[in-house]
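The file query_30.pdb contains PDB, C-alpha atoms and all ligand atoms:
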ATOM      1  CA  MET A   1     -15.866  -0.182  22.708
ATOM      2  CA  ALA A   2     -14.399   2.619  20.591
ATOM      3  CA  GLY A   3     -12.072   1.546  17.782
ATOM      4  CA  ILE A   4      -8.470   2.713  17.494
ATOM      5  CA  LEU A   5      -9.340   4.983  14.512
ATOM      6  CA  GLU A   6     -12.526   6.458  15.980
ATOM      7  CA  GLY A   7     -13.278   9.892  14.507
ATOM      8  CA  LYS A   8     -10.548   9.689  11.858
ATOM      9  CA  VAL A   9     -10.812   9.911   8.077
ATOM     10  CA  ALA A  10      -8.744   7.434   6.061
ATOM     11  CA  PHE A  11      -7.780   7.475   2.375
ATOM     12  CA  VAL A  12      -6.794   4.084   0.918
ATOM     13  CA  THR A  13      -5.428   3.509  -2.595
ATOM     14  CA  GLY A  14      -5.709   0.102  -4.225
ATOM     15  CA  GLY A  15      -8.727  -0.335  -1.963
ATOM     16  CA  ALA A  16     -10.664  -2.410  -4.485
ATOM     17  CA  SER A  17      -8.738  -5.633  -3.936
ATOM     18  CA  GLY A  18      -6.420  -7.707  -1.755
ATOM     19  CA  ILE A  19      -4.445  -5.889   0.936
ATOM     20  CA  GLY A  20      -6.073  -2.495   0.264
ATOM     21  CA  GLN A  21      -9.587  -3.885   0.497
ATOM     22  CA  ALA A  22      -8.865  -5.738   3.740
ATOM     23  CA  THR A  23      -7.283  -2.608   5.212
ATOM     24  CA  ALA A  24     -10.203  -0.369   4.247
ATOM     25  CA  VAL A  25     -12.550  -2.835   5.969
ATOM     26  CA  VAL A  26     -10.422  -3.029   9.135
ATOM     27  CA  MET A  27     -10.011   0.757   9.277
ATOM     28  CA  ALA A  28     -13.781   1.181   9.055
ATOM     29  CA  ARG A  29     -14.272  -1.467  11.742
ATOM     30  CA  GLU A  30     -11.898   0.583  13.927
ATOM     31  CA  GLY A  31     -14.084   3.653  13.527
ATOM     32  CA  ALA A  32     -12.598   5.520  10.536
ATOM     33  CA  ARG A  33     -14.647   6.951   7.700
ATOM     34  CA  VAL A  34     -12.887   5.561   4.647
ATOM     35  CA  ALA A  35     -12.332   6.804   1.081
ATOM     36  CA  VAL A  36     -11.685   3.720  -1.051
ATOM     37  CA  ALA A  37      -9.675   4.833  -4.083
ATOM     38  CA  ASP A  38      -8.758   2.636  -7.029
ATOM     39  CA  ARG A  39      -8.539   2.774 -10.795
ATOM     40  CA  ALA A  40     -11.076  -0.102 -10.688
ATOM     41  CA  GLU A  41     -13.946   2.054  -9.438
ATOM     42  CA  ALA A  42     -16.647  -0.633  -9.652
ATOM     43  CA  ASP A  43     -14.559  -2.935  -7.462
ATOM     44  CA  ALA A  44     -13.898  -0.071  -5.050
ATOM     45  CA  ALA A  45     -17.678   0.255  -4.780
ATOM     46  CA  ALA A  46     -17.794  -3.417  -3.767
ATOM     47  CA  THR A  47     -15.379  -2.657  -0.896
ATOM     48  CA  VAL A  48     -17.650   0.222   0.117
ATOM     49  CA  ALA A  49     -20.637  -2.149   0.098
ATOM     50  CA  LEU A  50     -18.765  -4.499   2.464
ATOM     51  CA  ILE A  51     -18.023  -1.600   4.808
ATOM     52  CA  ASN A  52     -21.577  -0.268   4.710
ATOM     53  CA  ALA A  53     -22.998  -3.750   5.337
ATOM     54  CA  ALA A  54     -20.894  -3.910   8.503
ATOM     55  CA  GLY A  55     -22.256  -0.536   9.662
ATOM     56  CA  GLY A  56     -19.271   1.595   8.584
ATOM     57  CA  GLN A  57     -19.050   4.722   6.437
ATOM     58  CA  ALA A  58     -17.162   4.801   3.136
ATOM     59  CA  ILE A  59     -17.101   6.243  -0.356
ATOM     60  CA  ALA A  60     -15.600   4.863  -3.577
ATOM     61  CA  ILE A  61     -13.400   7.071  -5.749
ATOM     62  CA  GLY A  62     -12.033   6.176  -9.172
ATOM     63  CA  GLY A  63      -8.605   7.363 -10.274
ATOM     64  CA  ASP A  64      -5.133   6.421 -11.439
ATOM     65  CA  VAL A  65      -2.267   7.064  -8.998
ATOM     66  CA  THR A  66       0.183   7.680 -11.874
ATOM     67  CA  ARG A  67      -1.699  10.852 -12.882
ATOM     68  CA  GLU A  68      -1.227  13.840 -10.635
ATOM     69  CA  ALA A  69      -4.569  15.383 -11.618
ATOM     70  CA  ASP A  70      -6.338  12.158 -10.600
ATOM     71  CA  VAL A  71      -4.520  12.031  -7.269
ATOM     72  CA  ALA A  72      -5.328  15.666  -6.530
ATOM     73  CA  ALA A  73      -8.982  15.015  -7.408
ATOM     74  CA  MET A  74      -9.162  11.875  -5.232
ATOM     75  CA  VAL A  75      -7.764  13.732  -2.234
ATOM     76  CA  ALA A  76     -10.120  16.690  -2.862
ATOM     77  CA  ARG A  77     -13.121  14.355  -3.157
ATOM     78  CA  THR A  78     -12.239  12.724   0.172
ATOM     79  CA  VAL A  79     -12.017  16.122   1.837
ATOM     80  CA  SER A  80     -15.298  17.300   0.315
ATOM     81  CA  ALA A  81     -17.050  14.132   1.567
ATOM     82  CA  PHE A  82     -15.470  13.840   5.019
ATOM     83  CA  GLY A  83     -13.881  17.224   5.741
ATOM     84  CA  ARG A  84     -10.248  16.123   6.229
ATOM     85  CA  ILE A  85      -7.692  13.281   5.886
ATOM     86  CA  ASP A  86      -6.073  11.916   9.044
ATOM     87  CA  CYS A  87      -4.714   8.606   7.760
ATOM     88  CA  ALA A  88      -3.593   7.427   4.351
ATOM     89  CA  PHE A  89      -2.571   4.035   3.021
ATOM     90  CA  ASN A  90      -0.659   4.353  -0.261
ATOM     91  CA  ASN A  91      -1.001   0.803  -1.420
ATOM     92  CA  ALA A  92      -2.017   0.687  -5.103
ATOM     93  CA  GLY A  93       0.536  -1.364  -6.966
ATOM     94  CA  ILE A  94       1.258  -3.846  -9.697
ATOM     95  CA  ALA A  95       3.363  -6.998  -9.984
ATOM     96  CA  PRO A  96       6.020  -7.695 -12.625
ATOM     97  CA  ARG A  97       3.477  -9.735 -14.612
ATOM     98  CA  ALA A  98       1.437  -6.577 -15.198
ATOM     99  CA  VAL A  99       4.200  -5.064 -17.336
ATOM    100  CA  GLY A 100       5.623  -8.044 -19.213
ATOM    101  CA  PRO A 101       6.271 -11.777 -19.263
ATOM    102  CA  ALA A 102       7.232 -13.334 -15.922
ATOM    103  CA  GLY A 103      10.824 -14.440 -15.403
ATOM    104  CA  GLN A 104      12.602 -11.781 -17.473
ATOM    105  CA  ARG A 105      16.128 -10.906 -16.416
ATOM    106  CA  LEU A 106      17.279  -7.292 -16.547
ATOM    107  CA  HIS A 107      18.877  -7.535 -19.997
ATOM    108  CA  GLU A 108      15.547  -8.756 -21.369
ATOM    109  CA  LEU A 109      13.440  -6.056 -19.752
ATOM    110  CA  GLY A 110      12.068  -3.327 -22.010
ATOM    111  CA  GLN A 111      12.334   0.285 -20.918
ATOM    112  CA  GLU A 112       8.576   0.663 -21.209
ATOM    113  CA  ALA A 113       8.054  -2.129 -18.680
ATOM    114  CA  PHE A 114      10.603  -0.590 -16.312
ATOM    115  CA  ASP A 115       9.082   2.883 -16.629
ATOM    116  CA  ARG A 116       5.536   1.622 -16.086
ATOM    117  CA  MET A 117       6.575  -0.285 -12.965
ATOM    118  CA  LEU A 118       8.229   2.809 -11.512
ATOM    119  CA  ALA A 119       5.246   4.986 -12.494
ATOM    120  CA  VAL A 120       2.715   2.914 -10.565
ATOM    121  CA  ASN A 121       4.734   1.534  -7.654
ATOM    122  CA  LEU A 122       6.959   4.536  -6.904
ATOM    123  CA  THR A 123       5.743   7.725  -8.625
ATOM    124  CA  GLY A 124       2.196   6.808  -7.569
ATOM    125  CA  VAL A 125       3.297   6.733  -3.934
ATOM    126  CA  PHE A 126       5.134  10.059  -4.331
ATOM    127  CA  LEU A 127       2.078  11.766  -5.846
ATOM    128  CA  CYS A 128      -0.208  10.462  -3.114
ATOM    129  CA  LEU A 129       2.210  11.483  -0.365
ATOM    130  CA  LYS A 130       2.556  14.944  -1.894
ATOM    131  CA  HIS A 131      -1.175  15.660  -1.969
ATOM    132  CA  GLU A 132      -1.987  13.971   1.339
ATOM    133  CA  VAL A 133       0.763  15.834   3.180
ATOM    134  CA  ALA A 134      -0.328  19.143   1.632
ATOM    135  CA  GLN A 135      -3.853  18.500   2.911
ATOM    136  CA  MET A 136      -2.637  17.471   6.371
ATOM    137  CA  LEU A 137      -0.460  20.595   6.649
ATOM    138  CA  ALA A 138      -3.355  22.796   5.525
ATOM    139  CA  GLN A 139      -5.871  21.320   7.977
ATOM    140  CA  GLY A 140      -3.381  21.064  10.887
ATOM    141  CA  GLY A 141      -3.263  18.452  13.617
ATOM    142  CA  GLY A 142      -0.790  16.059  11.987
ATOM    143  CA  GLY A 143      -1.587  12.700  10.446
ATOM    144  CA  ALA A 144      -0.322   9.206   9.751
ATOM    145  CA  ILE A 145       0.631   7.729   6.394
ATOM    146  CA  VAL A 146       1.577   4.146   5.569
ATOM    147  CA  ASN A 147       3.083   3.213   2.203
ATOM    148  CA  THR A 148       3.048  -0.343   0.911
ATOM    149  CA  ALA A 149       6.583  -1.443   0.152
ATOM    150  CA  SER A 150       7.430  -5.158   0.300
ATOM    151  CA  VAL A 151      10.191  -7.435   1.509
ATOM    152  CA  ALA A 152      11.316  -6.671  -2.052
ATOM    153  CA  GLY A 153      12.006  -3.166  -0.722
ATOM    154  CA  LEU A 154      14.706  -4.612   1.520
ATOM    155  CA  ILE A 155      16.269  -7.474  -0.473
ATOM    156  CA  GLY A 156      16.914  -8.286  -4.128
ATOM    157  CA  LEU A 157      14.836 -10.803  -6.078
ATOM    158  CA  ALA A 158      15.968 -12.334  -9.365
ATOM    159  CA  THR A 159      13.847 -11.422 -12.413
ATOM    160  CA  SER A 160      12.077  -8.634 -10.527
ATOM    161  CA  GLY A 161      14.622  -5.814 -10.738
ATOM    162  CA  HIS A 162      12.043  -3.201 -11.688
ATOM    163  CA  TYR A 163       9.698  -4.220  -8.862
ATOM    164  CA  VAL A 164      12.575  -4.371  -6.370
ATOM    165  CA  ALA A 165      13.881  -0.951  -7.471
ATOM    166  CA  ALA A 166      10.437   0.602  -7.071
ATOM    167  CA  LYS A 167       9.890  -0.927  -3.627
ATOM    168  CA  HIS A 168      13.372   0.108  -2.399
ATOM    169  CA  GLY A 169      12.362   3.565  -3.625
ATOM    170  CA  VAL A 170       9.231   3.439  -1.489
ATOM    171  CA  VAL A 171      11.325   2.610   1.585
ATOM    172  CA  GLY A 172      13.624   5.571   0.864
ATOM    173  CA  LEU A 173      10.776   7.959   0.165
ATOM    174  CA  THR A 174       9.144   6.872   3.425
ATOM    175  CA  LYS A 175      12.282   7.650   5.448
ATOM    176  CA  SER A 176      12.762  11.074   3.840
ATOM    177  CA  ALA A 177       9.119  12.043   4.251
ATOM    178  CA  ALA A 178       9.195  10.896   7.887
ATOM    179  CA  ILE A 179      12.134  13.204   8.593
ATOM    180  CA  GLU A 180      10.690  16.156   6.647
ATOM    181  CA  TYR A 181       7.320  16.140   8.395
ATOM    182  CA  ALA A 182       8.153  14.831  11.880
ATOM    183  CA  GLU A 183       7.885  18.296  13.399
ATOM    184  CA  ASP A 184       4.488  18.773  11.733
ATOM    185  CA  GLY A 185       3.146  15.738  13.577
ATOM    186  CA  ILE A 186       2.817  13.693  10.380
ATOM    187  CA  ARG A 187       4.144  10.158  10.765
ATOM    188  CA  VAL A 188       5.166   8.236   7.637
ATOM    189  CA  ASN A 189       5.940   4.519   7.727
ATOM    190  CA  CYS A 190       5.897   1.606   5.336
ATOM    191  CA  VAL A 191       4.662  -1.920   5.596
ATOM    192  CA  ASN A 192       6.752  -4.652   3.978
ATOM    193  CA  PRO A 193       4.600  -7.709   3.306
ATOM    194  CA  GLY A 194       6.018 -11.057   2.292
ATOM    195  CA  TYR A 195       3.940 -13.416   0.152
ATOM    196  CA  ILE A 196       0.244 -12.672   0.690
ATOM    197  CA  THR A 197      -2.694 -14.448  -0.959
ATOM    198  CA  THR A 198      -4.310 -11.845  -3.237
ATOM    199  CA  PRO A 199      -5.256 -11.651  -6.926
ATOM    200  CA  MET A 200      -1.731 -10.254  -7.534
ATOM    201  CA  THR A 201       0.034 -13.428  -6.446
ATOM    202  CA  LYS A 202      -2.470 -15.984  -7.799
ATOM    203  CA  GLU A 203      -0.604 -17.038 -10.944
ATOM    204  CA  THR A 204       2.816 -16.963  -9.294
ATOM    205  CA  VAL A 205       1.603 -19.249  -6.539
ATOM    206  CA  GLU A 206      -0.023 -21.599  -9.045
ATOM    207  CA  GLU A 207       3.279 -21.837 -10.917
ATOM    208  CA  ARG A 208       5.807 -22.020  -8.087
ATOM    209  CA  GLY A 209       3.950 -21.978  -4.778
ATOM    210  CA  GLU A 210       5.936 -24.866  -3.300
ATOM    211  CA  LYS A 211       9.274 -23.193  -4.019
ATOM    212  CA  ILE A 212       8.032 -19.989  -2.407
ATOM    213  CA  LEU A 213       6.737 -21.692   0.725
ATOM    214  CA  ALA A 214      10.017 -23.577   1.118
ATOM    215  CA  LYS A 215      11.613 -20.166   1.809
ATOM    216  CA  VAL A 216       8.984 -19.029   4.320
ATOM    217  CA  PRO A 217       9.712 -20.308   7.855
ATOM    218  CA  MET A 218       5.975 -20.394   8.675
ATOM    219  CA  ARG A 219       5.406 -22.480   5.501
ATOM    220  CA  ARG A 220       2.305 -20.566   4.471
ATOM    221  CA  MET A 221       1.180 -17.463   2.630
ATOM    222  CA  GLY A 222      -0.111 -14.541   4.637
ATOM    223  CA  ILE A 223      -3.673 -13.297   4.264
ATOM    224  CA  PRO A 224      -4.589  -9.658   3.567
ATOM    225  CA  GLY A 225      -6.114  -9.225   7.029
ATOM    226  CA  GLU A 226      -2.716  -9.896   8.594
ATOM    227  CA  ILE A 227      -1.362  -6.798   6.865
ATOM    228  CA  ALA A 228      -4.535  -4.779   7.424
ATOM    229  CA  GLU A 229      -4.463  -5.126  11.218
ATOM    230  CA  ALA A 230      -0.906  -3.792  11.365
ATOM    231  CA  VAL A 231      -1.605  -0.902   8.985
ATOM    232  CA  ALA A 232      -4.644   0.191  10.995
ATOM    233  CA  TRP A 233      -2.509   0.140  14.134
ATOM    234  CA  MET A 234       0.330   2.071  12.436
ATOM    235  CA  CYS A 235      -2.223   4.717  11.412
ATOM    236  CA  SER A 236      -3.616   4.968  14.928
ATOM    237  CA  ASP A 237      -2.395   7.097  17.827
ATOM    238  CA  LYS A 238      -1.186   3.858  19.453
ATOM    239  CA  ALA A 239       1.817   4.059  17.090
ATOM    240  CA  SER A 240       2.558   7.645  18.162
ATOM    241  CA  PHE A 241       6.384   7.271  18.310
ATOM    242  CA  MET A 242       6.709   5.242  15.091
ATOM    243  CA  THR A 243       7.912   7.087  12.011
ATOM    244  CA  GLY A 244      10.289   6.329   9.143
ATOM    245  CA  ALA A 245      10.022   2.617   9.890
ATOM    246  CA  SER A 246       9.756  -0.429   7.661
ATOM    247  CA  HIS A 247       7.417  -2.931   9.238
ATOM    248  CA  VAL A 248       8.078  -6.440   7.888
ATOM    249  CA  ILE A 249       5.170  -8.935   7.973
ATOM    250  CA  ASP A 250       6.222 -12.069   6.153
ATOM    251  CA  GLY A 251       6.069 -15.280   8.194
ATOM    252  CA  GLY A 252       9.823 -15.006   8.806
ATOM    253  CA  TYR A 253      10.919 -14.808   5.129
ATOM    254  CA  TYR A 254      13.197 -11.779   5.584
ATOM    255  CA  ALA A 255      14.770 -13.123   8.757
ATOM    256  CA  ALA A 256      15.701 -16.484   7.220
TER     257      ALA A 256
HETATM  258  P1  LIG B 301      -4.113  -6.539  -5.822
HETATM  259  O1  LIG B 301      -3.805  -6.697  -7.266
HETATM  260  O2  LIG B 301      -5.086  -7.441  -5.176
HETATM  261  O3  LIG B 301      -4.560  -5.026  -5.532
HETATM  262  C1  LIG B 301      -3.907  -3.935  -6.095
HETATM  263  C2  LIG B 301      -4.929  -2.841  -6.342
HETATM  264  O4  LIG B 301      -4.237  -1.686  -6.842
HETATM  265  C3  LIG B 301      -5.976  -3.228  -7.395
HETATM  266  O5  LIG B 301      -7.279  -2.990  -6.899
HETATM  267  C4  LIG B 301      -5.647  -2.317  -8.581
HETATM  268  O6  LIG B 301      -6.788  -1.945  -9.352
HETATM  269  C5  LIG B 301      -5.019  -1.115  -7.891
HETATM  270  N1  LIG B 301      -4.151  -0.368  -8.784
HETATM  271  C6  LIG B 301      -3.163  -0.845  -9.570
HETATM  272  N2  LIG B 301      -2.634   0.137 -10.296
HETATM  273  C7  LIG B 301      -3.308   1.285  -9.977
HETATM  274  C8  LIG B 301      -3.215   2.630 -10.398
HETATM  275  N3  LIG B 301      -2.324   3.007 -11.336
HETATM  276  N4  LIG B 301      -4.045   3.530  -9.839
HETATM  277  C9  LIG B 301      -4.962   3.169  -8.918
HETATM  278  N5  LIG B 301      -5.103   1.901  -8.491
HETATM  279  C10 LIG B 301      -4.285   0.967  -9.013
HETATM  280  O7  LIG B 301      -2.691  -6.635  -5.110
HETATM  281  P2  LIG B 301      -2.248  -6.739  -3.572
HETATM  282  O8  LIG B 301      -1.508  -8.001  -3.450
HETATM  283  O9  LIG B 301      -3.342  -6.419  -2.663
HETATM  284  O10 LIG B 301      -1.150  -5.583  -3.551
HETATM  285  C11 LIG B 301      -1.290  -4.367  -2.860
HETATM  286  C12 LIG B 301       0.078  -3.799  -2.636
HETATM  287  O11 LIG B 301       0.845  -4.710  -1.839
HETATM  288  C13 LIG B 301       0.909  -3.542  -3.889
HETATM  289  O12 LIG B 301       1.605  -2.320  -3.760
HETATM  290  C14 LIG B 301       1.872  -4.719  -3.908
HETATM  291  O13 LIG B 301       3.048  -4.412  -4.609
HETATM  292  C15 LIG B 301       2.105  -4.910  -2.439
HETATM  293  N6  LIG B 301       2.609  -6.213  -2.031
HETATM  294  C16 LIG B 301       1.873  -7.339  -2.257
HETATM  295  C17 LIG B 301       2.370  -8.565  -1.851
HETATM  296  C18 LIG B 301       1.626  -9.845  -2.055
HETATM  297  O14 LIG B 301       2.212 -10.917  -1.837
HETATM  298  N7  LIG B 301       0.355  -9.815  -2.468
HETATM  299  C19 LIG B 301       3.679  -8.676  -1.177
HETATM  300  C20 LIG B 301       4.344  -7.414  -0.971
HETATM  301  C21 LIG B 301       3.811  -6.232  -1.391
END
Could I get this file's structure written as structure tokens?
Ligand code: NAI
Amino acid sequence: MAGILEGKVAFVTGGASGIGQATAVVMAREGARVAVADRAEADAAATVALINAAGGQAIAIGGDVTREADVAAMVARTVSAFGRIDCAFNNAGIAPRAVGPAGQRLHELGQEAFDRMLAVNLTGVFLCLKHEVAQMLAQGGGGAIVNTASVAGLIGLATSGHYVAAKHGVVGLTKSAAIEYAEDGIRVNCVNPGYITTPMTKETVEERGEKILAKVPMRRMGIPGEIAEAVAWMCSDKASFMTGASHVIDGGYYAA
């Protein structure tokens, strides 16, 4: 049976780990040829090995989403390998711990930490959108883009102001892009995961997993595959009337 992404080319950032890796694998299973982009190129190659072992087609590309030249090169490399880009998943991101000690309130947060968070989690999404959309417009035929926001793109979280600001920015950017390119046939949506078991959340869960789960009606963490299945669907023609949307997947956290 043909997959829902049969014949399409997908570009996935943060594809070396967690949600991005699971999504690259699911997209390949659904028939897409996948460019797995990440600053951790060796780990991206491991994702490619998983895809190849399952009979899919993928390439690994190294690059940093905060640098426009890298983003332009990653998009160009995808096009030179596969001829076009039909779907993109702008998912590379970092947690508050990557830019400073956990638990800092706003008045304790250094500007460098704030700027770095915005650079990766918001500017990175902008740069990817910019170059993907330019490619989709040039090749014609539309496209589908999913950005990774978070439930933190819809609510506030104490001691994560920089992360929350960046993710709210992703939701806003998604809506504006959706409106700008609707008539070009390019759909732009975001996915808003709750707490998902990945390397990013490992330490947080070790420290305060019980407190987190007490706020999740399903009383468990999600797994990357539960995001991946939705993203693959949002990128497929089955989601043909969906654009500008925030798709929450969180075991009921946001509803509670
Ligand atoms: P992860 O840490 O497993 O994967 C993130 C990937 O992004 C890594 O492979 C990393 O090398 C890559 N990356 C980071 N900075 C980069 C840069 N500047 N350029 C290129 N690649 C870069 O994390 P996870 O959990 O899979 O997160 C993926 C996305 O999901 C992030 O945007 C995160 O904010 C978001 N998210 C995660 C949640 C969770 O509970 N795990 C919940 C809500 C959102």
Decode the PyMOL selection byres (((chain A and resi 37-39) around 6) and not hetatm) for the given file into explicit residues and return them as a list in words.
->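 Taken over the shown coordinates, the PyMOL selection byres (((chain A and resi 37-39) around 6) and not hetatm) returns Val12, Thr13, Gly14, Gly15, Ala16, Val36, Ala40, Glu41, Ala60, Ile61, Gly62, Gly63 and Asp64 of chain A.
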Hits of the PyMOL selection byres (((not hetatm)) within 6 of (chain B and resi 301)) in this structure, as JSON, numbers by chain | {"A": [14, 15, 16, 17, 18, 19, 20, 38, 39, 40, 63, 64, 65, 66, 91, 92, 93, 94, 95, 120, 148, 149, 150, 193, 194, 195, 196, 197, 198, 199, 200, 201]}
Closest atom pairs, residues of stretch 131-231 of chain A within 7 Å of stretch 113-119 of chain A, all atoms listed in the file, as CSV:
residue,atom,partner,partner_atom,distance
A:His162,CA,A:Phe114,CA,5.5
A:Tyr163,CA,A:Met117,CA,6.5
A:Ala166,CA,A:Leu118,CA,5.4
Mind telling me what the PyMOL selection byres (((chain A and resi 54) around 12) and not hetatm) catches here, as a PyMOL selection string?
-> chain A and resi 25-31+47-53+55-58
Nearest to A:Ala24, chosen from A:Leu137, A:Val216, A:Val79, A:Cys87, with only C-alpha atoms counted in the distances |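 Going through A:Leu137, A:Val216, A:Val79, A:Cys87 one by one, the smallest distance to A:Ala24 is for A:Cys87.
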Please determine the residues with any atom at most 9 Å from (11.1, -11.1, -11.8) (coordinates as given in the file, with all atoms listed in the file counting) and report them as a count of residues only.
-> 17
Take the point (7.6, 3.4, -6.0) in the file's coordinates, draw a sphere of radius 7 Å around it, and report as a VMD selection string every protein, DNA or RNA residue with an atom inside or on it, counting only C-alpha atoms.
-> chain A and resid 118 120 to 125 166 to 167 169 to 170
Centre and edges of the stretch 57-69 of chain A box, axis-aligned, 4 Å extra per side, as lines of an AutoDock Vina configuration file:
center_x = -9.4
center_y = 10.1
center_z = -3.2
size_x = 27.2
size_y = 18.7
size_z = 27.3
Distance in Å - atom CA of A:Ile227 versus atom CA of A:Thr23 |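 Result for atom CA of A:Ile227 versus atom CA of A:Thr23: 7.4 Å, one decimal.
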Please measure the separation of atom CA of A:Glu6 and atom CA of A:Ala228, giving the value in Å to one decimal.
->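 Interatomic distance, atom CA of A:Glu6 to atom CA of A:Ala228: 16.2 Å.
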Select, from A:Gly244, A:Pro224, A:Gly110, A:Gly143, the residue with the minimum atom-to-atom distance to A:Ala88, counting all atoms listed in the file.
-> A:Gly143
Please measure the separation of atom CA of A:Met221 and atom CA of A:Ala46, giving the value in Å to one decimal.
-> 24.5 Å
Do you know which residues are at most 6 Å from A:Phe89 counting all atoms listed in the file, after dropping those on the same chain fewer than 6 positions away, and could you put them as a list in words?
-> Val12, Ile145, Val146 and Asn147 of chain A
